[in-house]
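Student: My structure file query09.cif, mmCIF, C-alpha atoms, is below:
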```cif
data_run
loop_
_atom_site.group_PDB
_atom_site.id
_atom_site.type_symbol
_atom_site.label_atom_id
_atom_site.label_comp_id
_atom_site.auth_asym_id
_atom_site.auth_seq_id
_atom_site.Cartn_x
_atom_site.Cartn_y
_atom_site.Cartn_z
ATOM 1 C CA MET A 43 -56.687 10.686 -94.116
ATOM 2 C CA VAL A 44 -55.040 8.025 -92.063
ATOM 3 C CA THR A 45 -56.884 4.775 -91.608
ATOM 4 C CA GLY A 46 -57.987 3.837 -88.121
ATOM 5 C CA ALA A 47 -55.698 0.826 -87.957
ATOM 6 C CA LEU A 48 -52.648 2.774 -89.068
ATOM 7 C CA LEU A 49 -53.365 5.559 -86.660
ATOM 8 C CA ARG A 50 -53.880 3.183 -83.786
ATOM 9 C CA SER A 51 -50.614 1.423 -84.445
ATOM 10 C CA ALA A 52 -48.831 4.764 -84.813
ATOM 11 C CA ARG A 53 -50.057 5.836 -81.411
ATOM 12 C CA VAL A 54 -49.542 2.622 -79.532
ATOM 13 C CA ARG A 55 -46.214 1.349 -80.768
ATOM 14 C CA PRO A 56 -43.938 3.307 -78.399
ATOM 15 C CA TYR A 57 -45.859 1.821 -75.499
ATOM 16 C CA ALA A 58 -45.030 -1.751 -76.444
ATOM 17 C CA MET A 59 -42.221 -1.565 -73.922
ATOM 18 C CA THR A 60 -44.670 -0.590 -71.195
ATOM 19 C CA GLY A 61 -46.973 -3.538 -71.825
ATOM 20 C CA GLY A 62 -49.524 -1.217 -73.374
ATOM 21 C CA ARG A 63 -50.055 0.881 -70.283
ATOM 22 C CA THR A 64 -50.087 4.620 -70.871
ATOM 23 C CA ARG A 65 -50.592 5.921 -67.360
ATOM 24 C CA ALA A 66 -48.198 5.860 -64.456
ATOM 25 C CA ARG A 67 -49.772 4.819 -61.170
ATOM 26 C CA LEU A 68 -47.748 7.244 -59.080
ATOM 27 C CA PRO A 69 -47.796 10.994 -59.671
ATOM 28 C CA LEU A 70 -44.596 11.811 -61.474
ATOM 29 C CA LEU A 71 -44.282 15.486 -62.288
ATOM 30 C CA LEU A 72 -41.639 16.618 -64.760
ATOM 31 C CA GLU A 73 -39.435 17.851 -61.927
ATOM 32 C CA THR A 74 -40.064 14.921 -59.546
ATOM 33 C CA LEU A 75 -36.706 13.500 -58.436
ATOM 34 C CA VAL A 76 -35.967 9.786 -58.556
ATOM 35 C CA SER A 77 -32.974 7.765 -57.433
ATOM 36 C CA VAL A 78 -31.795 4.208 -56.863
ATOM 37 C CA PRO A 79 -31.010 3.831 -53.157
ATOM 38 C CA ASP A 80 -29.230 0.453 -53.352
ATOM 39 C CA TYR A 81 -27.920 -0.307 -56.806
ATOM 40 C CA ASP A 82 -27.812 -4.049 -57.408
ATOM 41 C CA ILE A 83 -26.223 -5.428 -60.571
ATOM 42 C CA ALA A 84 -28.317 -8.612 -60.264
ATOM 43 C CA ILE A 85 -31.520 -6.548 -60.376
ATOM 44 C CA SER A 86 -30.163 -4.570 -63.308
ATOM 45 C CA GLN A 87 -29.556 -7.737 -65.325
ATOM 46 C CA ARG A 88 -33.170 -8.856 -64.889
ATOM 47 C CA LEU A 89 -34.601 -5.613 -66.266
ATOM 48 C CA VAL A 90 -35.605 -4.931 -69.874
ATOM 49 C CA ALA A 91 -33.246 -2.636 -71.751
ATOM 50 C CA GLU A 92 -35.002 0.699 -71.183
ATOM 51 C CA SER A 93 -35.665 0.009 -67.511
ATOM 52 C CA ARG A 94 -32.051 -1.081 -67.069
ATOM 53 C CA GLU A 95 -30.855 2.217 -68.570
ATOM 54 C CA ILE A 96 -33.116 4.145 -66.205
ATOM 55 C CA TYR A 97 -32.019 2.051 -63.223
ATOM 56 C CA SER A 98 -28.384 2.681 -64.071
ATOM 57 C CA LEU A 99 -28.802 6.430 -64.688
ATOM 58 C CA CYS A 100 -30.659 6.930 -61.420
ATOM 59 C CA ARG A 101 -27.709 5.845 -59.297
ATOM 60 C CA GLY A 102 -27.426 9.639 -59.198
ATOM 61 C CA VAL A 103 -30.498 11.728 -58.361
ATOM 62 C CA ARG A 104 -32.364 12.722 -61.540
ATOM 63 C CA SER A 105 -35.658 14.395 -62.394
ATOM 64 C CA VAL A 106 -38.247 12.657 -64.561
ATOM 65 C CA ALA A 107 -37.519 15.198 -67.326
ATOM 66 C CA GLU A 108 -33.777 14.543 -67.118
ATOM 67 C CA VAL A 109 -34.287 10.786 -67.377
ATOM 68 C CA SER A 110 -36.339 11.346 -70.535
ATOM 69 C CA ALA A 111 -33.839 13.796 -72.060
ATOM 70 C CA ASP A 112 -30.677 11.882 -71.114
ATOM 71 C CA LEU A 113 -31.944 8.519 -72.379
ATOM 72 C CA ASN A 114 -34.004 9.921 -75.259
ATOM 73 C CA ILE A 115 -37.109 8.042 -74.111
ATOM 74 C CA PRO A 116 -40.452 9.889 -74.425
ATOM 75 C CA LEU A 117 -41.825 11.302 -71.181
ATOM 76 C CA GLY A 118 -44.941 9.153 -71.086
ATOM 77 C CA VAL A 119 -42.908 5.970 -71.421
ATOM 78 C CA VAL A 120 -40.416 7.110 -68.771
ATOM 79 C CA ARG A 121 -43.276 7.721 -66.359
ATOM 80 C CA VAL A 122 -44.689 4.223 -66.777
ATOM 81 C CA LEU A 123 -41.289 2.526 -66.461
ATOM 82 C CA LEU A 124 -40.386 4.592 -63.391
ATOM 83 C CA SER A 125 -43.703 3.687 -61.834
ATOM 84 C CA ASP A 126 -42.978 -0.013 -62.314
ATOM 85 C CA LEU A 127 -39.477 0.315 -60.885
ATOM 86 C CA ALA A 128 -40.917 2.156 -57.878
ATOM 87 C CA ASP A 129 -43.607 -0.493 -57.357
ATOM 88 C CA ASN A 130 -40.860 -3.119 -57.203
ATOM 89 C CA GLY A 131 -38.867 -1.073 -54.709
ATOM 90 C CA GLN A 132 -36.036 -0.632 -57.201
ATOM 91 C CA ILE A 133 -36.276 3.125 -57.445
ATOM 92 C CA ARG A 134 -37.212 5.786 -54.926
ATOM 93 C CA ILE A 135 -39.544 8.626 -55.893
ATOM 94 C CA HIS A 136 -38.596 11.681 -53.848
ATOM 95 C CA PRO A 137 -41.457 13.647 -52.290
ATOM 96 C CA SER A 138 -42.219 17.016 -53.863
ATOM 97 C CA ALA A 139 -40.975 20.091 -52.020
ATOM 98 C CA THR A 140 -44.410 20.755 -50.532
ATOM 99 C CA SER A 141 -45.804 17.253 -50.140
ATOM 100 C CA ALA A 142 -44.120 16.578 -46.792
ATOM 101 C CA GLY A 143 -46.498 19.057 -45.159
ATOM 102 C CA VAL A 144 -44.188 21.992 -45.749
ATOM 103 C CA PRO A 145 -46.346 25.096 -46.226
ATOM 104 C CA GLU A 146 -45.931 26.846 -49.566
ATOM 105 C CA HIS A 147 -44.667 30.087 -48.055
ATOM 106 C CA VAL A 148 -41.815 28.207 -46.362
ATOM 107 C CA LEU A 149 -40.796 26.755 -49.729
ATOM 108 C CA LEU A 150 -41.083 30.162 -51.412
ATOM 109 C CA GLU A 151 -38.842 31.735 -48.755
ATOM 110 C CA ARG A 152 -36.305 28.963 -49.280
ATOM 111 C CA VAL A 153 -36.403 29.497 -53.053
ATOM 112 C CA LEU A 154 -35.982 33.239 -52.552
ATOM 113 C CA ARG A 155 -32.929 32.725 -50.319
ATOM 114 C CA GLY A 156 -31.432 30.298 -52.834
ATOM 115 C CA LEU A 157 -31.978 32.633 -55.781
ATOM 116 C CA GLN A 158 -30.285 35.458 -53.920
ATOM 117 C CA THR A 159 -27.086 33.397 -53.615
ATOM 118 C CA ILE A 160 -26.778 32.853 -57.382
ATOM 119 C CA LYS A 161 -23.764 34.571 -58.879
ATOM 120 C CA HIS A 162 -22.475 34.681 -62.422
ATOM 121 C CA MET B 185 -24.654 29.455 -67.521
ATOM 122 C CA VAL B 186 -24.209 29.619 -63.787
ATOM 123 C CA SER B 187 -21.111 27.858 -62.586
ATOM 124 C CA ARG B 188 -21.593 26.004 -59.334
ATOM 125 C CA PRO B 189 -19.206 23.089 -59.319
ATOM 126 C CA SER B 190 -20.292 21.825 -55.912
ATOM 127 C CA SER B 191 -23.906 21.461 -56.944
ATOM 128 C CA THR B 192 -23.722 19.213 -59.989
ATOM 129 C CA GLU B 193 -24.836 16.195 -57.927
ATOM 130 C CA LEU B 194 -28.036 16.364 -55.926
ATOM 131 C CA SER B 195 -28.091 14.864 -52.454
ATOM 132 C CA PRO B 196 -30.067 11.657 -51.799
ATOM 133 C CA SER B 197 -32.566 13.656 -49.733
ATOM 134 C CA ALA B 198 -33.063 16.348 -52.384
ATOM 135 C CA VAL B 199 -36.488 17.673 -53.301
ATOM 136 C CA SER B 200 -37.427 19.788 -56.286
ATOM 137 C CA THR B 201 -39.715 22.512 -57.490
ATOM 138 C CA LYS B 202 -40.189 24.345 -60.765
ATOM 139 C CA ILE B 203 -40.937 27.600 -62.522
ATOM 140 C CA VAL B 204 -42.325 27.771 -66.054
ATOM 141 C CA ILE B 205 -40.865 30.169 -68.626
ATOM 142 C CA ALA B 206 -43.538 30.967 -71.201
ATOM 143 C CA GLY B 207 -43.899 33.328 -74.128
ATOM 144 C CA GLY B 208 -44.112 33.427 -77.888
ATOM 145 C CA PHE B 209 -41.704 31.826 -80.328
ATOM 146 C CA GLY B 210 -38.333 33.581 -80.249
ATOM 147 C CA ALA B 211 -39.078 35.583 -77.085
ATOM 148 C CA GLY B 212 -35.866 34.314 -75.467
ATOM 149 C CA LYS B 213 -37.142 31.441 -73.308
ATOM 150 C CA THR B 214 -34.199 29.127 -73.898
ATOM 151 C CA THR B 215 -31.741 32.025 -73.479
ATOM 152 C CA PHE B 216 -33.381 32.871 -70.161
ATOM 153 C CA VAL B 217 -33.147 29.261 -68.973
ATOM 154 C CA ARG B 218 -29.509 29.079 -70.076
ATOM 155 C CA SER B 219 -28.643 32.250 -68.129
ATOM 156 C CA ILE B 220 -29.635 30.597 -64.857
ATOM 157 C CA SER B 221 -29.183 26.860 -65.397
ATOM 158 C CA GLU B 222 -26.101 25.093 -64.058
ATOM 159 C CA ILE B 223 -26.571 22.418 -66.719
ATOM 160 C CA GLU B 224 -26.681 23.085 -70.449
ATOM 161 C CA PRO B 225 -30.423 23.346 -71.198
ATOM 162 C CA VAL B 226 -31.687 19.990 -72.383
ATOM 163 C CA THR B 227 -34.660 18.975 -74.428
ATOM 164 C CA THR B 228 -37.145 16.287 -73.681
ATOM 165 C CA GLU B 229 -39.838 15.086 -75.996
ATOM 166 C CA ALA B 230 -43.424 14.251 -75.308
ATOM 167 C CA LEU B 231 -45.358 12.023 -77.614
ATOM 168 C CA MET B 232 -48.169 13.467 -79.610
ATOM 169 C CA THR B 233 -51.520 12.662 -78.085
ATOM 170 C CA GLU B 234 -55.083 12.772 -79.256
ATOM 171 C CA ALA B 235 -55.249 16.494 -78.567
ATOM 172 C CA SER B 236 -52.930 17.422 -81.408
ATOM 173 C CA ARG B 237 -53.927 14.714 -83.864
ATOM 174 C CA GLU B 238 -56.199 16.967 -85.860
ATOM 175 C CA THR B 239 -53.476 19.520 -86.502
ATOM 176 C CA ASP B 240 -50.721 16.993 -87.144
ATOM 177 C CA ASP B 241 -51.373 15.530 -90.546
ATOM 178 C CA LEU B 242 -49.877 12.070 -90.308
ATOM 179 C CA SER B 243 -50.860 11.124 -93.849
ATOM 180 C CA ALA B 244 -47.808 12.918 -95.230
ATOM 181 C CA THR B 245 -45.471 10.791 -93.117
ATOM 182 C CA PRO B 246 -47.171 7.433 -92.655
ATOM 183 C CA ASP B 247 -43.944 5.787 -91.489
ATOM 184 C CA LYS B 248 -43.496 8.207 -88.656
ATOM 185 C CA VAL B 249 -44.197 6.420 -85.389
ATOM 186 C CA THR B 250 -44.922 9.491 -83.320
ATOM 187 C CA THR B 251 -44.995 13.229 -83.528
ATOM 188 C CA THR B 252 -42.964 14.762 -80.778
ATOM 189 C CA VAL B 253 -42.867 18.147 -79.197
ATOM 190 C CA ALA B 254 -39.736 19.468 -77.598
ATOM 191 C CA MET B 255 -39.525 21.142 -74.215
ATOM 192 C CA ASP B 256 -36.337 22.847 -73.060
ATOM 193 C CA PHE B 257 -35.413 22.863 -69.425
ATOM 194 C CA GLY B 258 -32.587 23.710 -67.069
ATOM 195 C CA ARG B 259 -31.753 23.205 -63.412
ATOM 196 C CA VAL B 260 -30.204 25.188 -60.597
ATOM 197 C CA SER B 261 -29.455 23.915 -57.082
ATOM 198 C CA LEU B 262 -30.776 26.497 -54.655
ATOM 199 C CA ASP B 263 -29.331 24.775 -51.643
ATOM 200 C CA GLN B 264 -27.885 21.352 -50.932
ATOM 201 C CA ASP B 265 -31.285 19.678 -50.960
ATOM 202 C CA LEU B 266 -33.413 21.840 -53.221
ATOM 203 C CA ALA B 267 -33.303 21.812 -57.020
ATOM 204 C CA LEU B 268 -35.200 24.399 -59.021
ATOM 205 C CA TYR B 269 -36.138 23.363 -62.550
ATOM 206 C CA LEU B 270 -36.962 25.907 -65.227
ATOM 207 C CA PHE B 271 -39.177 24.654 -68.041
ATOM 208 C CA GLY B 272 -39.631 26.553 -71.289
ATOM 209 C CA THR B 273 -43.006 26.095 -72.923
ATOM 210 C CA PRO B 274 -43.157 24.614 -76.413
ATOM 211 C CA GLY B 275 -43.242 27.457 -78.932
ATOM 212 C CA GLN B 276 -46.252 26.319 -80.892
ATOM 213 C CA ASP B 277 -49.671 27.274 -79.593
ATOM 214 C CA ARG B 278 -51.195 23.986 -80.653
ATOM 215 C CA PHE B 279 -49.404 22.217 -77.823
ATOM 216 C CA TRP B 280 -51.589 23.824 -75.157
ATOM 217 C CA PHE B 281 -52.451 20.405 -73.743
ATOM 218 C CA LEU B 282 -48.839 20.089 -72.609
ATOM 219 C CA TRP B 283 -48.985 23.329 -70.662
ATOM 220 C CA ASP B 284 -51.257 21.754 -68.057
ATOM 221 C CA ASP B 285 -48.579 19.116 -67.462
ATOM 222 C CA LEU B 286 -45.860 21.770 -67.337
ATOM 223 C CA ILE B 287 -47.689 24.006 -64.889
ATOM 224 C CA ARG B 288 -48.800 21.253 -62.479
ATOM 225 C CA GLY B 289 -46.891 21.804 -59.246
ATOM 226 C CA ALA B 290 -45.123 24.968 -60.492
ATOM 227 C CA LEU B 291 -44.432 27.877 -58.158
ATOM 228 C CA GLY B 292 -45.446 30.198 -60.970
ATOM 229 C CA ALA B 293 -44.526 31.415 -64.424
ATOM 230 C CA VAL B 294 -42.589 34.117 -66.199
ATOM 231 C CA VAL B 295 -44.177 35.251 -69.462
ATOM 232 C CA LEU B 296 -41.358 36.584 -71.631
ATOM 233 C CA ALA B 297 -42.350 39.138 -74.233
ATOM 234 C CA ASP B 298 -40.402 40.628 -77.103
ATOM 235 C CA PRO B 299 -41.343 44.355 -77.052
ATOM 236 C CA ARG B 300 -41.177 44.415 -80.856
ATOM 237 C CA ARG B 301 -43.724 41.605 -81.082
ATOM 238 C CA LEU B 302 -45.932 42.042 -78.045
ATOM 239 C CA ALA B 303 -48.882 40.191 -79.530
ATOM 240 C CA ASP B 304 -46.881 36.954 -79.580
ATOM 241 C CA CYS B 305 -47.245 36.615 -75.807
ATOM 242 C CA PHE B 306 -51.011 37.221 -75.703
ATOM 243 C CA PRO B 307 -51.868 33.489 -75.769
ATOM 244 C CA ALA B 308 -49.519 32.831 -72.830
ATOM 245 C CA ILE B 309 -51.008 35.677 -70.798
ATOM 246 C CA GLU B 310 -54.488 34.456 -71.571
ATOM 247 C CA TYR B 311 -53.533 30.954 -70.438
ATOM 248 C CA PHE B 312 -52.188 32.117 -67.086
ATOM 249 C CA GLU B 313 -55.081 34.505 -66.484
ATOM 250 C CA ASN B 314 -57.251 31.389 -66.650
ATOM 251 C CA THR B 315 -54.906 29.367 -64.424
ATOM 252 C CA PRO B 316 -55.272 31.048 -61.042
ATOM 253 C CA GLU B 317 -53.151 28.429 -59.236
ATOM 254 C CA ALA B 318 -50.052 29.666 -61.091
ATOM 255 C CA PRO B 319 -49.092 33.289 -60.382
ATOM 256 C CA PHE B 320 -47.247 34.952 -63.267
ATOM 257 C CA VAL B 321 -45.178 38.011 -64.033
ATOM 258 C CA VAL B 322 -44.586 39.521 -67.469
ATOM 259 C CA ALA B 323 -40.974 40.305 -68.360
ATOM 260 C CA LEU B 324 -40.161 42.377 -71.439
ATOM 261 C CA ASN B 325 -36.984 40.945 -72.865
ATOM 262 C CA CYS B 326 -35.124 44.048 -74.024
ATOM 263 C CA PHE B 327 -32.317 42.695 -76.153
ATOM 264 C CA ASP B 328 -30.576 46.041 -76.438
ATOM 265 C CA GLY B 329 -31.430 47.157 -72.923
ATOM 266 C CA ILE B 330 -33.805 49.822 -74.217
ATOM 267 C CA LEU B 331 -37.582 49.712 -73.971
ATOM 268 C CA PRO B 332 -39.003 51.881 -76.740
ATOM 269 C CA PHE B 333 -42.300 52.348 -74.887
ATOM 270 C CA GLU B 334 -43.540 53.459 -71.494
ATOM 271 C CA LEU B 335 -44.285 50.497 -69.197
ATOM 272 C CA ASP B 336 -47.786 51.830 -68.562
ATOM 273 C CA ASP B 337 -48.488 51.816 -72.292
ATOM 274 C CA VAL B 338 -47.248 48.235 -72.510
ATOM 275 C CA ARG B 339 -49.474 47.271 -69.598
ATOM 276 C CA SER B 340 -52.544 48.588 -71.345
ATOM 277 C CA ALA B 341 -51.463 47.015 -74.646
ATOM 278 C CA LEU B 342 -51.152 43.665 -72.868
ATOM 279 C CA ALA B 343 -54.444 44.262 -71.048
ATOM 280 C CA ILE B 344 -53.080 42.850 -67.792
ATOM 281 C CA GLY B 345 -54.399 43.923 -64.424
ATOM 282 C CA PRO B 346 -52.519 46.395 -62.204
ATOM 283 C CA GLU B 347 -51.649 43.576 -59.790
ATOM 284 C CA VAL B 348 -49.601 41.595 -62.333
ATOM 285 C CA PRO B 349 -45.907 42.552 -62.036
ATOM 286 C CA LEU B 350 -44.540 43.943 -65.318
ATOM 287 C CA LEU B 351 -40.786 44.344 -65.590
ATOM 288 C CA THR B 352 -37.987 44.557 -68.093
ATOM 289 C CA CYS B 353 -35.154 42.071 -68.275
ATOM 290 C CA ASP B 354 -32.241 40.952 -70.412
ATOM 291 C CA ALA B 355 -32.619 37.190 -70.829
ATOM 292 C CA ARG B 356 -28.885 36.863 -71.618
ATOM 293 C CA ASP B 357 -27.886 38.322 -68.279
ATOM 294 C CA THR B 358 -27.820 36.058 -65.207
ATOM 295 C CA THR B 359 -28.388 38.874 -62.708
ATOM 296 C CA SER B 360 -31.338 40.160 -64.697
ATOM 297 C CA ALA B 361 -32.877 36.704 -65.148
ATOM 298 C CA VAL B 362 -32.451 35.928 -61.435
ATOM 299 C CA TYR B 363 -34.044 39.264 -60.516
ATOM 300 C CA THR B 364 -37.040 38.328 -62.679
ATOM 301 C CA LEU B 365 -37.453 35.051 -60.770
ATOM 302 C CA VAL B 366 -37.062 36.860 -57.440
ATOM 303 C CA GLU B 367 -39.910 39.202 -58.425
ATOM 304 C CA LEU B 368 -42.060 36.185 -59.369
ATOM 305 C CA VAL B 369 -41.366 34.426 -56.052
ATOM 306 C CA ARG B 370 -42.127 37.612 -54.082
ATOM 307 C CA TYR B 371 -45.388 37.960 -55.996
ATOM 308 C CA ALA B 372 -46.239 34.284 -55.365
ATOM 309 C CA MET B 373 -45.648 34.872 -51.635
ATOM 310 C CA SER B 374 -48.526 37.343 -51.591
ATOM 311 C CA PHE B 375 -50.805 34.424 -52.533
ATOM 312 C CA ALA B 376 -49.303 31.868 -50.186
ATOM 313 C CA GLY B 377 -51.171 33.141 -47.145
ATOM 314 C CA PRO B 378 -49.929 34.462 -43.846
ATOM 315 C CA VAL B 379 -47.119 32.781 -41.970
ATOM 316 C CA ALA B 380 -48.650 30.366 -39.493
ATOM 317 C CA VAL B 381 -48.069 31.347 -35.883
ATOM 318 C CA GLU B 382 -48.116 28.597 -33.301
ATOM 319 C CA ALA B 383 -50.492 29.234 -30.426
#
```
Kindly present the structure from the file in structure tokens form.
Tutor:
Amino acid sequence: MVTGALLRSARVRPYAMTGGRTRARLPLLLETLVSVPDYDIAISQRLVAESREIYSLCRGVRSVAEVSADLNIPLGVVRVLLSDLADNGQIRIHPSATSAGVPEHVLLERVLRGLQTIKH
Amino acid sequence: MVSRPSSTELSPSAVSTKIVIAGGFGAGKTTFVRSISEIEPVTTEALMTEASRETDDLSATPDKVTTTVAMDFGRVSLDQDLALYLFGTPGQDRFWFLWDDLIRGALGAVVLADPRRLADCFPAIEYFENTPEAPFVVALNCFDGILPFELDDVRSALAIGPEVPLLTCDARDTTSAVYTLVELVRYAMSFAGPVAVEA
């Protein structure tokens, strides 16, 4: 058995960099795209290390899952840090493919057309 | 891997969607993702949460900060502004709690089955039968291109309804993997409702 204190510390430690928060305020699905619209080196220098890495990586459009995989930061932590960056206007969270009022069948037709263009 | 040199960078106005590739351990999920992805499939890790604490005995590794579970995924740009992500489910059944996160917002799922070990995909089928918001197809991954059974017999062995598409595929083959996704999207369209006509 693991003692309560040990277990608690084992669970919480990775979230030290998120100030103890474990939930992102904005919905960030695994495939949600994020990007930095106006990269500013001065902003970058004010960020903590992990946030700075994310800020730098997202000069190109990335998904939440890619940010986690590329920087080797657990998903839950990435979500919280991205949320903070978005709150401060430093990162843009792209809308999901259906959230802009696009009906699902329109998206499905677009996916179908795209799949049919894939070649080896 | 699909080679699409022009699509390695997504446009600033890009949006995304996803399809989940499920199935038992060794059914060919990562191979399937690799056949379609324009990036080498990558792995991300989720931290262990309360839900798996009882099955992850931490006492053996007290120094270990977290237990992680790996999820493989790939990406393909369907057009200039639309990225499709393919997520493979973690192989171990005890990570069910992650499936809800994986499936949220997905267009649907492909359940890959190894015809030699059909029972391995039962938990995945059961999951999607209880997740009506995610349409699914079952694809028998025939490694040698030969299905040693009749499809109808497989359907009854899997106990899936007549409406669930059941097809064969070769996860190593891009054309075959794409065809499987096309069948899933067509099936999902039958749930998406009629095309709205403006009055």
Student: Between atom CA of A:Ile115 and atom CA of A:Ile96, measure the distance and give it in Å to one decimal.
Tutor: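 These atoms are spaced 9.7 Å apart.
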Student: Hey, what's within 10 Å of B:Thr273 if we count only C-alpha atoms and toss same-chain stuff fewer than 2 positions away? As a compact mmCIF listing (two decimals) with C-alpha atoms, in the frame of the given file, please?
Tutor:
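What ended up in around.txt:
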```txt
# COMPACT_ATOMS: atom_id res chain seq x y z
CA VAL B 204 -42.32 27.77 -66.05
CA ILE B 205 -40.86 30.17 -68.63
CA ALA B 206 -43.54 30.97 -71.20
CA GLY B 207 -43.90 33.33 -74.13
CA GLY B 208 -44.11 33.43 -77.89
CA PHE B 209 -41.70 31.83 -80.33
CA LYS B 213 -37.14 31.44 -73.31
CA THR B 214 -34.20 29.13 -73.90
CA ALA B 254 -39.74 19.47 -77.60
CA MET B 255 -39.52 21.14 -74.22
CA ASP B 256 -36.34 22.85 -73.06
CA PHE B 257 -35.41 22.86 -69.42
CA LEU B 270 -36.96 25.91 -65.23
CA PHE B 271 -39.18 24.65 -68.04
CA GLY B 275 -43.24 27.46 -78.93
CA GLN B 276 -46.25 26.32 -80.89
CA ASP B 277 -49.67 27.27 -79.59
CA PHE B 279 -49.40 22.22 -77.82
CA TRP B 280 -51.59 23.82 -75.16
CA LEU B 282 -48.84 20.09 -72.61
CA TRP B 283 -48.98 23.33 -70.66
CA LEU B 286 -45.86 21.77 -67.34
CA ILE B 287 -47.69 24.01 -64.89
CA VAL B 295 -44.18 35.25 -69.46
CA ALA B 308 -49.52 32.83 -72.83
```
Student: Might you spell out which residues the PyMOL selection byres ((chain A and resi 101) around 10) would select in the displayed file, as a list in words?
Tutor: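 Answer for the PyMOL selection byres ((chain A and resi 101) around 10): Val76, Ser77, Val78, Pro79, Asp80, Tyr81, Ile96, Tyr97, Ser98, Leu99, Cys100, Gly102, Val103, Arg104 and Ile133 of chain A; Pro196 of chain B.
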Student: When you draw a straight line from atom CA of B:Asp284 to atom CA of B:Glu224, how long is it in Å?
Tutor: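 Between atom CA of B:Asp284 and atom CA of B:Glu224 the gap is 24.7 Å.
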Student: Which residues, named as in the file, does the PyMOL selection byres ((chain A and resi 114) around 12) pick out? Answer as a JSON list (two decimals) with C-alpha atoms, in the coordinates of the input.
Tutor:
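Contents of result_10.json, freshly written:
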```
[["chain", "number", "residue", "atom", "x", "y", "z"],
["A", 92, "GLU", "CA", -35.00, 0.70, -71.18],
["A", 95, "GLU", "CA", -30.86, 2.22, -68.57],
["A", 96, "ILE", "CA", -33.12, 4.14, -66.20],
["A", 106, "VAL", "CA", -38.25, 12.66, -64.56],
["A", 107, "ALA", "CA", -37.52, 15.20, -67.33],
["A", 108, "GLU", "CA", -33.78, 14.54, -67.12],
["A", 109, "VAL", "CA", -34.29, 10.79, -67.38],
["A", 110, "SER", "CA", -36.34, 11.35, -70.54],
["A", 111, "ALA", "CA", -33.84, 13.80, -72.06],
["A", 112, "ASP", "CA", -30.68, 11.88, -71.11],
["A", 113, "LEU", "CA", -31.94, 8.52, -72.38],
["A", 115, "ILE", "CA", -37.11, 8.04, -74.11],
["A", 116, "PRO", "CA", -40.45, 9.89, -74.42],
["A", 117, "LEU", "CA", -41.82, 11.30, -71.18],
["A", 118, "GLY", "CA", -44.94, 9.15, -71.09],
["A", 119, "VAL", "CA", -42.91, 5.97, -71.42],
["A", 120, "VAL", "CA", -40.42, 7.11, -68.77],
["B", 226, "VAL", "CA", -31.69, 19.99, -72.38],
["B", 227, "THR", "CA", -34.66, 18.98, -74.43],
["B", 228, "THR", "CA", -37.15, 16.29, -73.68],
["B", 229, "GLU", "CA", -39.84, 15.09, -76.00],
["B", 230, "ALA", "CA", -43.42, 14.25, -75.31],
["B", 231, "LEU", "CA", -45.36, 12.02, -77.61],
["B", 252, "THR", "CA", -42.96, 14.76, -80.78],
["B", 254, "ALA", "CA", -39.74, 19.47, -77.60]]
```
